[in-house]
Every structure is written in structure tokens, then in C-alpha cells.
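Have a look at entry-v2.txt below; it lists compact mmCIF, C-alpha atoms (C1' of nucleotides).
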# COMPACT_ATOMS: atom_id res chain seq x y z
CA MET A 255 -5.21 54.00 -47.53
CA LYS A 256 -7.86 54.43 -44.86
CA LYS A 257 -10.77 56.61 -45.81
CA LEU A 258 -11.21 59.86 -43.95
CA SER A 259 -13.94 62.43 -44.29
CA GLN A 260 -13.08 65.90 -45.43
CA SER A 261 -13.67 67.05 -41.89
CA LEU A 262 -11.27 64.58 -40.27
CA GLU A 263 -8.64 65.34 -42.90
CA ASP A 264 -8.99 68.99 -41.98
CA TYR A 265 -8.29 68.22 -38.33
CA ILE A 266 -5.19 66.23 -39.19
CA GLU A 267 -3.98 68.98 -41.47
CA ALA A 268 -4.66 71.59 -38.79
CA ILE A 269 -2.56 69.74 -36.23
CA HIS A 270 0.22 69.46 -38.81
CA VAL A 271 0.17 73.13 -39.72
CA ILE A 272 -0.14 74.37 -36.15
CA SER A 273 2.91 72.34 -35.17
CA PHE A 274 5.00 74.36 -37.66
CA THR A 275 4.76 77.35 -35.37
CA ASN A 276 3.77 75.97 -31.97
CA LYS A 277 5.87 73.69 -29.82
CA VAL A 278 2.74 71.86 -28.69
CA VAL A 279 -0.72 71.51 -30.15
CA ARG A 280 -3.78 71.99 -27.97
CA VAL A 281 -7.49 71.57 -28.49
CA LYS A 282 -8.06 75.28 -28.26
CA GLU A 283 -5.56 76.04 -31.02
CA ILE A 284 -7.25 73.62 -33.38
CA ALA A 285 -10.64 75.13 -32.64
CA LYS A 286 -9.29 78.58 -33.44
CA PHE A 287 -7.55 77.37 -36.59
CA LEU A 288 -10.63 75.64 -37.99
CA ASP A 289 -13.15 78.10 -36.59
CA VAL A 290 -15.14 75.52 -34.65
CA LYS A 291 -15.95 75.10 -30.96
CA THR A 292 -13.86 72.94 -28.67
CA PRO A 293 -16.37 70.10 -28.27
CA SER A 294 -16.21 69.55 -32.02
CA VAL A 295 -12.45 69.25 -31.74
CA VAL A 296 -12.68 66.82 -28.84
CA ASP A 297 -15.09 64.68 -30.85
CA ALA A 298 -12.91 64.65 -33.93
CA VAL A 299 -9.72 64.04 -31.99
CA SER A 300 -11.30 61.12 -30.21
CA LYS A 301 -12.21 59.57 -33.57
CA LEU A 302 -8.74 60.19 -34.92
CA THR A 303 -7.17 58.70 -31.81
CA LYS A 304 -9.28 55.56 -32.13
CA ARG A 305 -8.28 55.28 -35.75
CA GLY A 306 -4.59 55.64 -35.06
CA PHE A 307 -3.83 59.05 -36.52
CA VAL A 308 -3.39 60.99 -33.30
CA ASN A 309 -1.97 60.50 -29.83
CA HIS A 310 -3.75 62.37 -27.12
CA GLU A 311 -3.70 62.12 -23.35
CA LYS A 312 -6.71 63.57 -21.62
CA TYR A 313 -6.22 67.25 -20.84
CA GLY A 314 -2.81 67.04 -22.43
CA TYR A 315 -1.07 67.82 -25.66
CA LEU A 316 -1.87 66.37 -29.04
CA GLU A 317 0.39 64.91 -31.67
CA LEU A 318 0.09 63.03 -34.89
CA THR A 319 1.18 59.41 -35.06
CA GLU A 320 3.47 58.38 -37.90
CA GLU A 321 0.41 57.45 -39.92
CA GLY A 322 -1.17 60.78 -39.08
CA LYS A 323 1.95 62.64 -40.17
CA LYS A 324 2.02 60.75 -43.42
CA ARG A 325 -1.57 61.63 -44.12
CA ALA A 326 -1.08 65.24 -43.10
CA ARG A 327 1.86 65.59 -45.46
CA GLU A 328 -0.24 64.17 -48.29
CA VAL A 329 -3.13 66.53 -47.74
CA TYR A 330 -1.02 69.57 -47.06
CA GLY A 331 1.15 68.75 -50.04
CA LYS A 332 -1.92 68.84 -52.24
CA HIS A 333 -2.88 72.11 -50.65
CA LYS A 334 0.43 73.73 -51.42
CA GLU A 335 0.55 72.46 -54.97
CA LEU A 336 -3.01 73.53 -55.70
CA TYR A 337 -2.20 76.94 -54.33
CA LYS A 338 0.91 77.23 -56.46
CA PHE A 339 -0.97 76.22 -59.56
CA LEU A 340 -3.93 78.51 -58.99
CA THR A 341 -1.82 81.55 -58.24
CA GLY A 342 1.19 80.84 -60.44
CA VAL A 343 -0.40 79.40 -63.55
CA LEU A 344 -3.98 80.65 -63.60
CA GLY A 345 -3.28 83.93 -61.84
CA VAL A 346 -6.00 83.52 -59.24
CA SER A 347 -5.72 85.83 -56.23
CA ASN A 348 -3.91 84.58 -53.14
CA TYR A 349 -7.02 84.73 -51.00
CA THR A 350 -9.23 82.77 -53.37
CA SER A 351 -6.49 80.28 -54.16
CA LYS A 352 -6.10 79.49 -50.49
CA LYS A 353 -9.81 78.95 -50.01
CA ASP A 354 -10.12 76.84 -53.14
CA ALA A 355 -7.07 74.77 -52.25
CA CYS A 356 -8.58 74.09 -48.81
CA ASN A 357 -11.61 72.56 -50.45
CA ILE A 358 -10.22 70.90 -53.52
CA GLU A 359 -7.38 69.19 -51.66
CA HIS A 360 -9.90 66.71 -50.28
CA TYR A 361 -11.36 65.73 -53.62
CA ILE A 362 -8.80 65.90 -56.40
CA SER A 363 -7.43 62.59 -57.66
CA LYS A 364 -3.82 61.54 -57.49
CA GLU A 365 -3.71 61.48 -61.27
CA ALA A 366 -4.88 65.04 -61.73
CA MET A 367 -2.67 66.22 -58.91
CA LYS A 368 0.38 64.69 -60.54
CA LYS A 369 -0.33 66.39 -63.82
CA MET A 370 -0.95 69.68 -62.12
CA ILE A 371 2.34 69.46 -60.27
CA LYS A 372 4.04 68.63 -63.55
CA PHE A 373 2.51 71.68 -65.13
CA THR A 374 3.69 74.00 -62.39
CA LYS A 375 7.14 72.49 -62.64
CA PHE A 376 7.05 72.78 -66.43
CA MET A 377 6.43 76.48 -65.91
CA ASP A 378 9.06 76.90 -63.20
CA THR A 379 11.79 75.12 -65.10
CA CYS A 380 11.33 77.00 -68.34
CA PRO A 381 14.81 77.61 -69.76
CA GLU A 382 13.73 81.14 -70.66
CA GLY A 383 12.71 81.97 -67.11
CA ASN A 384 9.22 83.40 -67.27
CA PRO A 385 7.67 81.29 -70.06
CA PRO A 386 6.40 83.14 -73.14
CA TRP A 387 3.12 81.23 -73.09
CA LEU A 388 2.40 82.51 -69.58
CA LYS A 389 2.95 86.07 -70.68
CA ASN A 390 0.71 85.41 -73.64
CA PHE A 391 -1.96 83.92 -71.39
CA ASN A 392 -1.85 86.95 -69.13
CA TYR A 393 -2.21 89.14 -72.20
CA TYR A 394 -5.14 87.02 -73.29
CA VAL A 395 -6.79 87.39 -69.88
CA LYS A 396 -6.29 91.14 -69.98
CA TYR A 397 -7.22 91.94 -73.58
CA GLY A 398 -9.32 88.94 -74.59
CA ARG A 399 -7.10 88.10 -77.55
CA HIS A 400 -3.72 86.60 -78.32
CA PRO A 401 -0.89 89.10 -78.69
CA SER A 402 0.07 89.69 -82.30
CA SER A 403 3.44 88.05 -81.71
CA CYS A 404 1.76 84.91 -80.40
CA CYS A 405 2.63 81.93 -82.53
CA LYS A 406 3.92 84.20 -85.22
CA LYS A 407 7.53 83.73 -86.15
CA GLY A 408 7.32 80.61 -83.99
CA SER A 409 7.43 82.74 -80.90
CA CYS A 410 5.05 80.96 -78.64
CA GLY A 411 1.81 79.06 -78.12
CA MET B 249 -27.51 82.99 -54.49
CA LYS B 250 -29.11 80.48 -52.13
CA LYS B 251 -26.76 78.03 -50.53
CA LEU B 252 -27.09 74.38 -51.47
CA SER B 253 -25.15 71.41 -50.18
CA GLN B 254 -23.05 69.39 -52.55
CA SER B 255 -25.68 66.69 -52.30
CA LEU B 256 -28.61 68.90 -53.29
CA GLU B 257 -26.62 70.40 -56.14
CA ASP B 258 -25.99 66.87 -57.36
CA TYR B 259 -29.72 66.16 -57.43
CA ILE B 260 -30.45 69.33 -59.40
CA GLU B 261 -27.66 68.51 -61.81
CA ALA B 262 -28.93 64.95 -62.19
CA ILE B 263 -32.42 66.13 -63.12
CA HIS B 264 -30.88 68.52 -65.63
CA VAL B 265 -28.69 65.91 -67.26
CA ILE B 266 -31.34 63.21 -67.31
CA SER B 267 -33.69 65.56 -69.10
CA PHE B 268 -31.21 65.79 -71.99
CA THR B 269 -32.10 62.25 -72.98
CA ASN B 270 -35.43 61.52 -71.27
CA LYS B 271 -38.71 63.20 -72.02
CA VAL B 272 -39.64 63.02 -68.36
CA VAL B 273 -37.64 62.66 -65.19
CA ARG B 274 -38.67 60.19 -62.54
CA VAL B 275 -37.48 59.39 -59.04
CA LYS B 276 -36.16 56.04 -60.15
CA GLU B 277 -34.00 57.57 -62.87
CA ILE B 278 -32.39 59.96 -60.44
CA ALA B 279 -31.69 57.13 -58.03
CA LYS B 280 -29.99 55.19 -60.79
CA PHE B 281 -28.05 58.21 -62.00
CA LEU B 282 -26.71 59.08 -58.57
CA ASP B 283 -26.44 55.52 -57.30
CA VAL B 284 -28.64 56.05 -54.26
CA LYS B 285 -31.91 54.45 -53.15
CA THR B 286 -35.27 55.98 -53.95
CA PRO B 287 -36.08 57.19 -50.43
CA SER B 288 -32.98 59.35 -50.54
CA VAL B 289 -34.24 60.87 -53.77
CA VAL B 290 -37.69 61.51 -52.33
CA ASP B 291 -36.10 63.23 -49.36
CA ALA B 292 -33.88 65.41 -51.47
CA VAL B 293 -36.62 66.26 -53.94
CA SER B 294 -38.90 67.27 -51.14
CA LYS B 295 -36.26 69.66 -49.84
CA LEU B 296 -35.64 71.06 -53.31
CA THR B 297 -39.38 71.49 -53.87
CA LYS B 298 -39.76 73.42 -50.64
CA ARG B 299 -36.85 75.61 -51.61
CA GLY B 300 -38.22 76.38 -55.04
CA PHE B 301 -35.81 74.51 -57.29
CA VAL B 302 -38.08 71.68 -58.36
CA ASN B 303 -41.73 71.08 -59.24
CA HIS B 304 -43.04 67.69 -58.30
CA GLU B 305 -46.53 66.25 -58.03
CA LYS B 306 -46.82 63.19 -55.87
CA TYR B 307 -46.28 60.02 -57.85
CA GLY B 308 -45.73 62.15 -60.92
CA TYR B 309 -42.94 63.59 -63.00
CA LEU B 310 -40.27 65.97 -61.84
CA GLU B 311 -39.00 69.16 -63.37
CA LEU B 312 -36.74 72.01 -62.47
CA THR B 313 -38.20 75.45 -61.86
CA GLU B 314 -36.59 78.39 -63.65
CA GLU B 315 -34.40 78.90 -60.61
CA GLY B 316 -33.55 75.21 -60.61
CA LYS B 317 -32.60 75.33 -64.28
CA LYS B 318 -30.41 78.34 -63.69
CA ARG B 319 -28.59 76.60 -60.90
CA ALA B 320 -28.29 73.37 -62.87
CA ARG B 321 -26.72 75.21 -65.78
CA GLU B 322 -24.24 76.84 -63.45
CA VAL B 323 -23.16 73.59 -61.86
CA TYR B 324 -23.14 71.58 -65.03
CA GLY B 325 -21.30 74.38 -66.79
CA LYS B 326 -18.56 74.13 -64.20
CA HIS B 327 -18.51 70.39 -64.67
CA LYS B 328 -18.01 70.64 -68.41
CA GLU B 329 -15.33 73.28 -68.14
CA LEU B 330 -13.44 71.41 -65.46
CA TYR B 331 -13.59 68.30 -67.60
CA LYS B 332 -12.28 70.15 -70.64
CA PHE B 333 -9.45 71.64 -68.66
CA LEU B 334 -8.41 68.42 -66.99
CA THR B 335 -8.44 66.38 -70.18
CA GLY B 336 -7.44 69.04 -72.68
CA VAL B 337 -4.80 70.99 -70.79
CA LEU B 338 -3.47 68.66 -68.13
CA GLY B 339 -3.99 65.47 -70.09
CA VAL B 340 -5.84 63.65 -67.32
CA SER B 341 -7.75 60.53 -68.43
CA ASN B 342 -11.41 60.89 -69.33
CA TYR B 343 -12.54 58.67 -66.50
CA THR B 344 -10.62 60.49 -63.78
CA SER B 345 -11.48 63.89 -65.21
CA LYS B 346 -15.16 63.10 -65.01
CA LYS B 347 -14.92 61.94 -61.41
CA ASP B 348 -12.82 64.93 -60.39
CA ALA B 349 -15.11 67.37 -62.17
CA CYS B 350 -18.08 65.84 -60.34
CA ASN B 351 -16.47 66.69 -57.03
CA ILE B 352 -14.66 69.91 -57.72
CA GLU B 353 -17.64 71.56 -59.44
CA HIS B 354 -19.21 72.05 -56.00
CA TYR B 355 -16.23 73.75 -54.45
CA ILE B 356 -14.27 75.79 -56.95
CA SER B 357 -14.70 79.56 -56.80
CA LYS B 358 -16.09 81.70 -59.58
CA GLU B 359 -12.76 83.44 -59.87
CA ALA B 360 -10.73 80.28 -60.39
CA MET B 361 -13.36 78.90 -62.74
CA LYS B 362 -13.19 82.02 -64.89
CA LYS B 363 -9.44 81.79 -65.17
CA MET B 364 -9.59 78.12 -65.97
CA ILE B 365 -12.12 78.72 -68.74
CA LYS B 366 -9.86 81.46 -70.07
CA PHE B 367 -6.95 79.09 -70.11
CA THR B 368 -8.82 76.43 -72.04
CA LYS B 369 -9.98 79.06 -74.48
CA PHE B 370 -6.46 80.42 -74.73
CA MET B 371 -5.38 76.96 -75.76
CA ASP B 372 -8.28 76.40 -78.16
CA THR B 373 -7.88 79.70 -79.96
CA CYS B 374 -4.17 79.41 -80.54
CA PRO B 375 -3.48 80.83 -84.02
CA GLU B 376 -1.10 77.91 -84.59
CA GLY B 377 -3.77 75.31 -83.88
CA ASN B 378 -2.25 72.92 -81.38
CA PRO B 379 -0.17 75.27 -79.23
CA PRO B 380 3.57 74.62 -79.05
CA TRP B 381 3.61 74.93 -75.29
CA LEU B 382 1.09 72.10 -75.00
CA LYS B 383 3.29 69.86 -77.11
CA ASN B 384 6.22 70.86 -74.96
CA PHE B 385 4.28 70.12 -71.80
CA ASN B 386 3.38 66.68 -73.09
CA TYR B 387 7.02 66.10 -73.89
CA TYR B 388 7.90 67.23 -70.39
CA VAL B 389 5.36 64.80 -68.87
CA LYS B 390 6.72 61.98 -70.95
CA TYR B 391 10.47 62.55 -70.65
CA GLY B 392 10.76 64.68 -67.53
CA ARG B 393 12.59 67.49 -69.33
CA HIS B 394 11.91 70.29 -71.74
CA PRO B 395 12.52 69.47 -75.40
CA SER B 396 15.75 70.93 -76.70
CA SER B 397 13.81 73.26 -79.01
CA CYS B 398 11.87 74.62 -76.08
CA CYS B 399 12.45 78.33 -75.68
CA LYS B 400 15.40 78.12 -77.97
CA LYS B 401 15.21 80.29 -81.06
CA GLY B 402 12.16 81.80 -79.39
CA SER B 403 10.16 78.73 -80.24
CA CYS B 404 8.02 78.30 -77.20
CA GLY B 405 7.64 78.45 -73.44
C1' DG C 71 -2.16 76.32 -0.67
C1' DT C 72 -6.70 78.40 -1.79
C1' DT C 73 -8.91 80.89 -5.12
C1' DT C 74 -9.59 82.10 -9.74
C1' DA C 75 -8.98 81.71 -14.55
C1' DT C 76 -8.34 78.87 -18.44
C1' DA C 77 -8.73 74.81 -21.02
C1' DG C 78 -10.82 70.36 -21.84
C1' DT C 79 -14.71 67.17 -21.50
C1' DT C 80 -19.41 65.30 -21.35
C1' DA C 81 -24.26 65.27 -22.29
C1' DG C 82 -27.77 66.27 -25.08
C1' DA C 83 -29.79 68.70 -29.18
C1' DT C 84 -29.94 69.82 -34.15
C1' DG C 85 -29.39 69.31 -39.11
C1' DT C 86 -28.00 66.59 -43.05
C1' DG C 87 -27.93 62.55 -45.83
C1' DT C 88 -28.14 57.95 -46.24
C1' DC C 89 -30.32 53.33 -45.62
C1' DT C 90 -33.99 49.17 -45.00
C1' DA C 91 -38.53 47.59 -44.50
C1' DA C 92 -43.19 48.22 -44.97
C1' DC C 93 -46.81 50.33 -47.37
C1' DA C 94 -49.46 52.94 -51.19
C1' DA C 95 -50.32 54.47 -55.70
C1' DT C 96 -49.99 53.99 -60.56
C1' DA C 97 -49.21 51.23 -64.74
C1' DT C 98 -49.32 46.88 -67.16
C1' DT C 99 -51.35 42.88 -68.67
C1' DA C 100 -54.05 38.79 -68.68
C1' DT D 174 -61.52 44.96 -64.66
C1' DA D 175 -58.91 42.24 -61.49
C1' DA D 176 -54.36 40.57 -60.60
C1' DT D 177 -49.65 41.70 -60.84
C1' DA D 178 -45.63 44.38 -61.43
C1' DT D 179 -43.47 48.67 -60.99
C1' DT D 180 -42.69 52.91 -58.92
C1' DG D 181 -43.06 56.19 -55.20
C1' DT D 182 -43.69 57.23 -50.28
C1' DT D 183 -43.43 56.91 -45.27
C1' DA D 184 -41.46 55.52 -40.97
C1' DG D 185 -37.75 54.63 -38.39
C1' DA D 186 -32.72 53.79 -37.84
C1' DC D 187 -27.95 55.20 -38.17
C1' DA D 188 -23.68 57.89 -39.01
C1' DC D 189 -21.56 62.26 -39.21
C1' DA D 190 -20.49 66.90 -37.77
C1' DT D 191 -21.71 70.59 -35.50
C1' DC D 192 -23.52 73.32 -31.50
C1' DT D 193 -24.79 75.06 -26.34
C1' DA D 194 -24.73 74.41 -21.54
C1' DA D 195 -22.99 72.34 -17.70
C1' DC D 196 -19.23 70.30 -15.54
C1' DT D 197 -14.19 69.03 -14.48
C1' DA D 198 -9.33 69.22 -14.55
C1' DT D 199 -5.16 71.77 -14.80
C1' DA D 200 -2.58 76.20 -14.51
C1' DA D 201 -1.87 80.83 -12.71
C1' DA D 202 -2.20 84.30 -9.26
C1' DC D 203 -2.69 85.79 -4.91
Serialized structure, C-alpha cells:
Amino acid sequence: MKKLSQSLEDYIEAIHVISFTNKVVRVKEIAKFLDVKTPSVVDAVSKLTKRGFVNHEKYGYLELTEEGKKRAREVYGKHKELYKFLTGVLGVSNYTSKKDACNIEHYISKEAMKKMIKFTKFMDTCPEGNPPWLKNFNYYVKYGRHPSSCCKKGSCG
Amino acid sequence: MKKLSQSLEDYIEAIHVISFTNKVVRVKEIAKFLDVKTPSVVDAVSKLTKRGFVNHEKYGYLELTEEGKKRAREVYGKHKELYKFLTGVLGVSNYTSKKDACNIEHYISKEAMKKMIKFTKFMDTCPEGNPPWLKNFNYYVKYGRHPSSCCKKGSCG
DNA sequence: GTTTATAGTTAGATGTGTCTAACAATATTA
DNA sequence: TAATATTGTTAGACACATCTAACTATAAAC
């Protein structure tokens, strides 16, 4: 897989996400989305075009190539899963989880990501519904100790 | 708290960690530790000196100021906690956990870090010892399904 | 169909972080 | 203590990512 800087990955991801809601993607939209000025976008897009991730006709619309889409799905997939884990498992606020996911998505390994996804799924597929250990963790966060029922009578870890 | 780039944080952390085992810290050691050339170290150290994180006499030894030590402990603390979480909770390999911790330590928020530390502690202080949910998670990773005992007879989430 | 507004581009500057090559200071050792 | 080896520094180059200001192309309005 070709190496891309965090910055270029962000541009690809931005194009991907913008195209969920907009029929076409324009330079200006990307600038707004990433909070940068348009010349920065033009620069980045030109690099991405050269490297085969983006199609772009001068003064026209932008779109991801197949390779670009693939990469965007990878990065955005990590984003979503990180967000789910941070909010759903650790109970981090939505705002912070989003920010953290935006950063961490560029750095976390495939291996760790897989395990994290597994963990979220392990939680979501609990036969009991809301898993006892999650309730116990939330209790632990709130009161700084395990609930008295925790691990007594084999109730939960 | 003053802002520092990932790179400069790495230099501070390197000085901190090297000083665990070496009486004195030298430019060459940092270069080896971070796998960069010595001019890069000199550059970074000069910036850190100007900004009050490092004391350095030309051609002499290096040491962190009080502010530098404080920052180093913060960053390295995150590193250790991330490592513990990745290996201990998610079961990521030692090698990958170390690499991931090295990157993520610069980006993760205080809020998420706090929750993550809580979670590790929640695991470590389980009255049962090894928490049932962790065993169940490992089972889930291995076999792709919850063990039959899971959440039956109130055994565990 | 001109004029005006909007969007996109180019040129040039800045800041960061890295490198190689050449040079300077300290440490080692003969 | 003079020669040599090691370590540290400086100078200059390059890549990346951003910006402002000036310019150009397309779109909208009159």
C-alpha cells in the first residue's frame, strides 16, 4: 500500500465524506471541511492526482479514483470504529471521541484496529444485551470501586 | 501547556528514557534512540533549549529542565498506559503495542486517556483476579463467538 | 452579452524537520 | 603532548504543508 502523509489521507477522507451529502465535490468544500485555505487544497489535490488517488479537471469537479475510494474507505472505517470504541466502550464524550478518532486513525496499526473492532463487537453481541462488565466499568468510573456484586456469585468481571 | 510538535515531544521523551539507564545524555545517544542523524538532534535540542525544556552546554551533556521533566513524564506516562491497555486489554502483540503507543501518545486526549487508564485499572483490580469478561473476550477473538457460559447463569458479560 | 460575483489557480513566503558534507571541539591513546 | 578517533556543530539542501496576495476562469445577474 502506497504511503500517504496524515495530511493527504485527510484530504482523501474529506472528499469521501463530502460526497455522502454533496452530488459533486469542489475545492471550496474541502477547504471548509478541513479548515484550510483553497491554495492548500489545490496543492494537495494536485499531489493526489499525480499519485492516482483523485481525478480532477482544472476548474471542475473532483472525484476519487478506485484506489482513492479504497483508501478513503480504509481510513474512514478506522475513524468510525475508533469513534464507536471510544464512546461505546470507554464512555468518552462524542466531541472528544471524534477529535481523537480523526488523529488516531492515521497512526493505529491494523493489528490493534482489528482487536478494537473485535472488542466493540464482543460488547455489541453480548447475549445479555448491555454487558454486565460494561455496567460494572461505568460504576467503577463513577465510584472508583467495583460494585459489591462484581465477581461475586460469578456475576461478572 | 505549551504546544510541542510530535517530533519535539519525541526528543524530550527520548532524553527522559535514556536517562533511566545512562548517567548522562548525549546527542549521539538521542540520535541512536530516535534513529535520526546528529544534526537533527542538534536542531531539535536547540529549539527545546530556547523554549525552556532542556539545558545544554555546547559540546556537553544534556538534561531536561523541571518543565521538560514534567512534560516527559506526561508523554511517557501516556506511552506506558497505552501500552498496558493495548497488550493487557486488547491482546495486541508487544511489538505492535509499543509502536502504536509511540504514535498515539502524541495525539490522544486527556479525557480518553483517563478512561483508558480506568479501564486497565478496572481489569487489574478485579476481585476475581483475571476477569471473566477478559477470558470471554479472548474466547471471542479466538472462536468468533461468545462462550456458551457467557452471560448464562449470570456468569459474565 | 457585458458586468459582476464566485471559485480556482499560481507565485512566492514561512515554518518544520530531515538530511549530507564539511568543519570544530573534546576525548583517547601512543 | 601530539596524533588520532570520536562526538558535536554549522551550512546548505530538500520535502512537506501551510499561508497571503495577485491573477484567471467559470457562473450568475442584469
For DT182 in chain D, find every residue with an atom within 8 Å (counting only C-alpha atoms (C1' of nucleotides)), except residues of its own chain fewer than 6 positions away, and show them as a short mmCIF file (atom, residue, chain, number, x, y, z; two decimals) with C-alpha atoms (C1' of nucleotides), keeping the file's coordinate frame.
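Writing done, so here's out-v5.cif:
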data_model
loop_
_atom_site.label_atom_id
_atom_site.label_comp_id
_atom_site.auth_asym_id
_atom_site.auth_seq_id
_atom_site.Cartn_x
_atom_site.Cartn_y
_atom_site.Cartn_z
CA PRO B 287 -36.08 57.19 -50.43
CA VAL B 290 -37.69 61.51 -52.33
"C1'" DA C 94 -49.46 52.94 -51.19
#
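Distance criterion 9 Å to chain A, applied with all atoms listed in the file, yields DA77, DG78, DT79 and DT80 of chain C on chain C.
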Practice prompt. Dump as a ChimeraX atom specification the residues of chain B that approach chain A to within 9 Å, counting all atoms listed in the file.
Written response: /B:334,338-341,344-345,347-349,351-352,355-357,359-360,363-364,366-367,370-371,373-382,384-385,388-389,392-394,398-405
Sorted by chain and rising residue number, list the residues of chain D at most 10 Å from chain B (counting only C-alpha atoms (C1' of nucleotides)), each with its closest atom pair and distance in Å to one decimal, as a tab-separated table.
residue	atom	partner	partner_atom	distance
D:DT180	C1'	B:Lys276	CA	7.3
D:DG181	C1'	B:Tyr307	CA	5.7
D:DT182	C1'	B:Pro287	CA	7.6
D:DT183	C1'	B:Pro287	CA	9.0
Worksheet entry | Distance query 10 Å from (-21.7, 57.9, -40.3) using all atoms listed in the file, result as a VMD selection string | (chain A and resid 259) or (chain C and resid 87 to 88) or (chain D and resid 187 to 190)
How would the residues just picked look written out with C-alpha atoms (C1' of nucleotides) as an mmCIF file, in the frame of the given file?
data_model
loop_
_atom_site.group_PDB
_atom_site.id
_atom_site.type_symbol
_atom_site.label_atom_id
_atom_site.label_comp_id
_atom_site.auth_asym_id
_atom_site.auth_seq_id
_atom_site.Cartn_x
_atom_site.Cartn_y
_atom_site.Cartn_z
ATOM 1 C CA SER A 259 -13.940 62.430 -44.290
ATOM 2 C "C1'" DG C 87 -27.930 62.550 -45.830
ATOM 3 C "C1'" DT C 88 -28.140 57.950 -46.240
ATOM 4 C "C1'" DC D 187 -27.950 55.200 -38.170
ATOM 5 C "C1'" DA D 188 -23.680 57.890 -39.010
ATOM 6 C "C1'" DC D 189 -21.560 62.260 -39.210
ATOM 7 C "C1'" DA D 190 -20.490 66.900 -37.770
#
Response to the item:
note - CA of Val295 in chain A and CA of Ser273 in chain A are separated by 16.0 Å
Worksheet item: C1' of DG185 in chain D and CA of Lys295 in chain B, how far apart in Å?
Response: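 Atom-to-atom, CA of Lys295 in chain B to C1' of DG185 in chain D, that is 19.0 Å.
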Discussion item. With distances taken over only C-alpha atoms (C1' of nucleotides), which residue among D:DC196, D:DA186, D:DT191, D:DT177 lies nearest DC89 in chain C?
Written reply: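 With only C-alpha atoms (C1' of nucleotides) as the atom set, the closest residue is D:DA186.
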Practice prompt. Mind giving me the straight-line distance from CA of Val273 in chain B to CA of Leu310 in chain B in Å, one decimal?
Written response: 5.4 Å
Worksheet entry | Contacts of DT74 in chain C at 12 Å (all atoms listed in the file; same-chain gap of 3+ positions) as a ChimeraX atom specification | /D:200-203
Since we have the selection now, will you write its residues out, keeping C-alpha atoms (C1' of nucleotides), as an mmCIF file, in the frame of the given file?
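And here is the file that came out, again24.cif:
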data_model
loop_
_atom_site.group_PDB
_atom_site.id
_atom_site.type_symbol
_atom_site.label_atom_id
_atom_site.label_comp_id
_atom_site.auth_asym_id
_atom_site.auth_seq_id
_atom_site.Cartn_x
_atom_site.Cartn_y
_atom_site.Cartn_z
ATOM 1 C "C1'" DA D 200 -2.580 76.200 -14.510
ATOM 2 C "C1'" DA D 201 -1.870 80.830 -12.710
ATOM 3 C "C1'" DA D 202 -2.200 84.300 -9.260
ATOM 4 C "C1'" DC D 203 -2.690 85.790 -4.910
#
Kindly output range 382-401 of chain B as an mmCIF file, in the coordinates of the input, after building N, CA and C atoms.
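Saved as rebuild_9.cif:
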data_model
loop_
_atom_site.group_PDB
_atom_site.id
_atom_site.type_symbol
_atom_site.label_atom_id
_atom_site.label_comp_id
_atom_site.auth_asym_id
_atom_site.auth_seq_id
_atom_site.Cartn_x
_atom_site.Cartn_y
_atom_site.Cartn_z
ATOM 1 N N LEU B 382 1.787 73.323 -75.417
ATOM 2 C CA LEU B 382 1.090 72.100 -75.000
ATOM 3 C C LEU B 382 1.886 70.864 -75.431
ATOM 4 N N LYS B 383 2.425 70.942 -76.643
ATOM 5 C CA LYS B 383 3.290 69.860 -77.110
ATOM 6 C C LYS B 383 4.501 69.721 -76.194
ATOM 7 N N ASN B 384 5.042 70.874 -75.846
ATOM 8 C CA ASN B 384 6.220 70.860 -74.960
ATOM 9 C C ASN B 384 5.888 70.312 -73.580
ATOM 10 N N PHE B 385 4.703 70.659 -73.104
ATOM 11 C CA PHE B 385 4.280 70.120 -71.800
ATOM 12 C C PHE B 385 4.145 68.603 -71.881
ATOM 13 N N ASN B 386 3.535 68.133 -72.946
ATOM 14 C CA ASN B 386 3.380 66.680 -73.090
ATOM 15 C C ASN B 386 4.731 65.974 -73.166
ATOM 16 N N TYR B 387 5.651 66.623 -73.835
ATOM 17 C CA TYR B 387 7.020 66.100 -73.890
ATOM 18 C C TYR B 387 7.605 66.054 -72.480
ATOM 19 N N TYR B 388 7.366 67.124 -71.761
ATOM 20 C CA TYR B 388 7.900 67.230 -70.390
ATOM 21 C C TYR B 388 7.316 66.142 -69.495
ATOM 22 N N VAL B 389 6.012 65.869 -69.650
ATOM 23 C CA VAL B 389 5.360 64.800 -68.870
ATOM 24 C C VAL B 389 5.996 63.457 -69.202
ATOM 25 N N LYS B 390 6.236 63.280 -70.487
ATOM 26 C CA LYS B 390 6.720 61.980 -70.950
ATOM 27 C C LYS B 390 8.195 61.746 -70.584
ATOM 28 N N TYR B 391 9.030 62.750 -70.801
ATOM 29 C CA TYR B 391 10.470 62.550 -70.650
ATOM 30 C C TYR B 391 11.075 63.244 -69.433
ATOM 31 N N GLY B 392 10.237 64.037 -68.740
ATOM 32 C CA GLY B 392 10.760 64.680 -67.530
ATOM 33 C C GLY B 392 11.688 65.846 -67.795
ATOM 34 N N ARG B 393 11.762 66.301 -69.034
ATOM 35 C CA ARG B 393 12.590 67.490 -69.330
ATOM 36 C C ARG B 393 11.989 68.248 -70.515
ATOM 37 N N HIS B 394 12.373 69.484 -70.601
ATOM 38 C CA HIS B 394 11.910 70.290 -71.740
ATOM 39 C C HIS B 394 12.573 69.779 -73.010
ATOM 40 N N PRO B 395 11.859 69.844 -74.135
ATOM 41 C CA PRO B 395 12.520 69.470 -75.400
ATOM 42 C C PRO B 395 13.613 70.477 -75.702
ATOM 43 N N SER B 396 14.590 70.053 -76.459
ATOM 44 C CA SER B 396 15.750 70.930 -76.700
ATOM 45 C C SER B 396 15.325 72.184 -77.456
ATOM 46 N N SER B 397 14.271 72.081 -78.241
ATOM 47 C CA SER B 397 13.810 73.260 -79.010
ATOM 48 C C SER B 397 13.086 74.266 -78.124
ATOM 49 N N CYS B 398 12.748 73.819 -76.920
ATOM 50 C CA CYS B 398 11.870 74.620 -76.080
ATOM 51 C C CYS B 398 12.549 75.924 -75.667
ATOM 52 N N CYS B 399 11.943 77.020 -76.041
ATOM 53 C CA CYS B 399 12.450 78.330 -75.680
ATOM 54 C C CYS B 399 13.787 78.651 -76.311
ATOM 55 N N LYS B 400 14.235 77.769 -77.160
ATOM 56 C CA LYS B 400 15.400 78.120 -77.970
ATOM 57 C C LYS B 400 14.854 78.779 -79.241
ATOM 58 N N LYS B 401 15.633 79.571 -79.848
ATOM 59 C CA LYS B 401 15.210 80.290 -81.060
ATOM 60 C C LYS B 401 13.813 80.866 -80.890
#
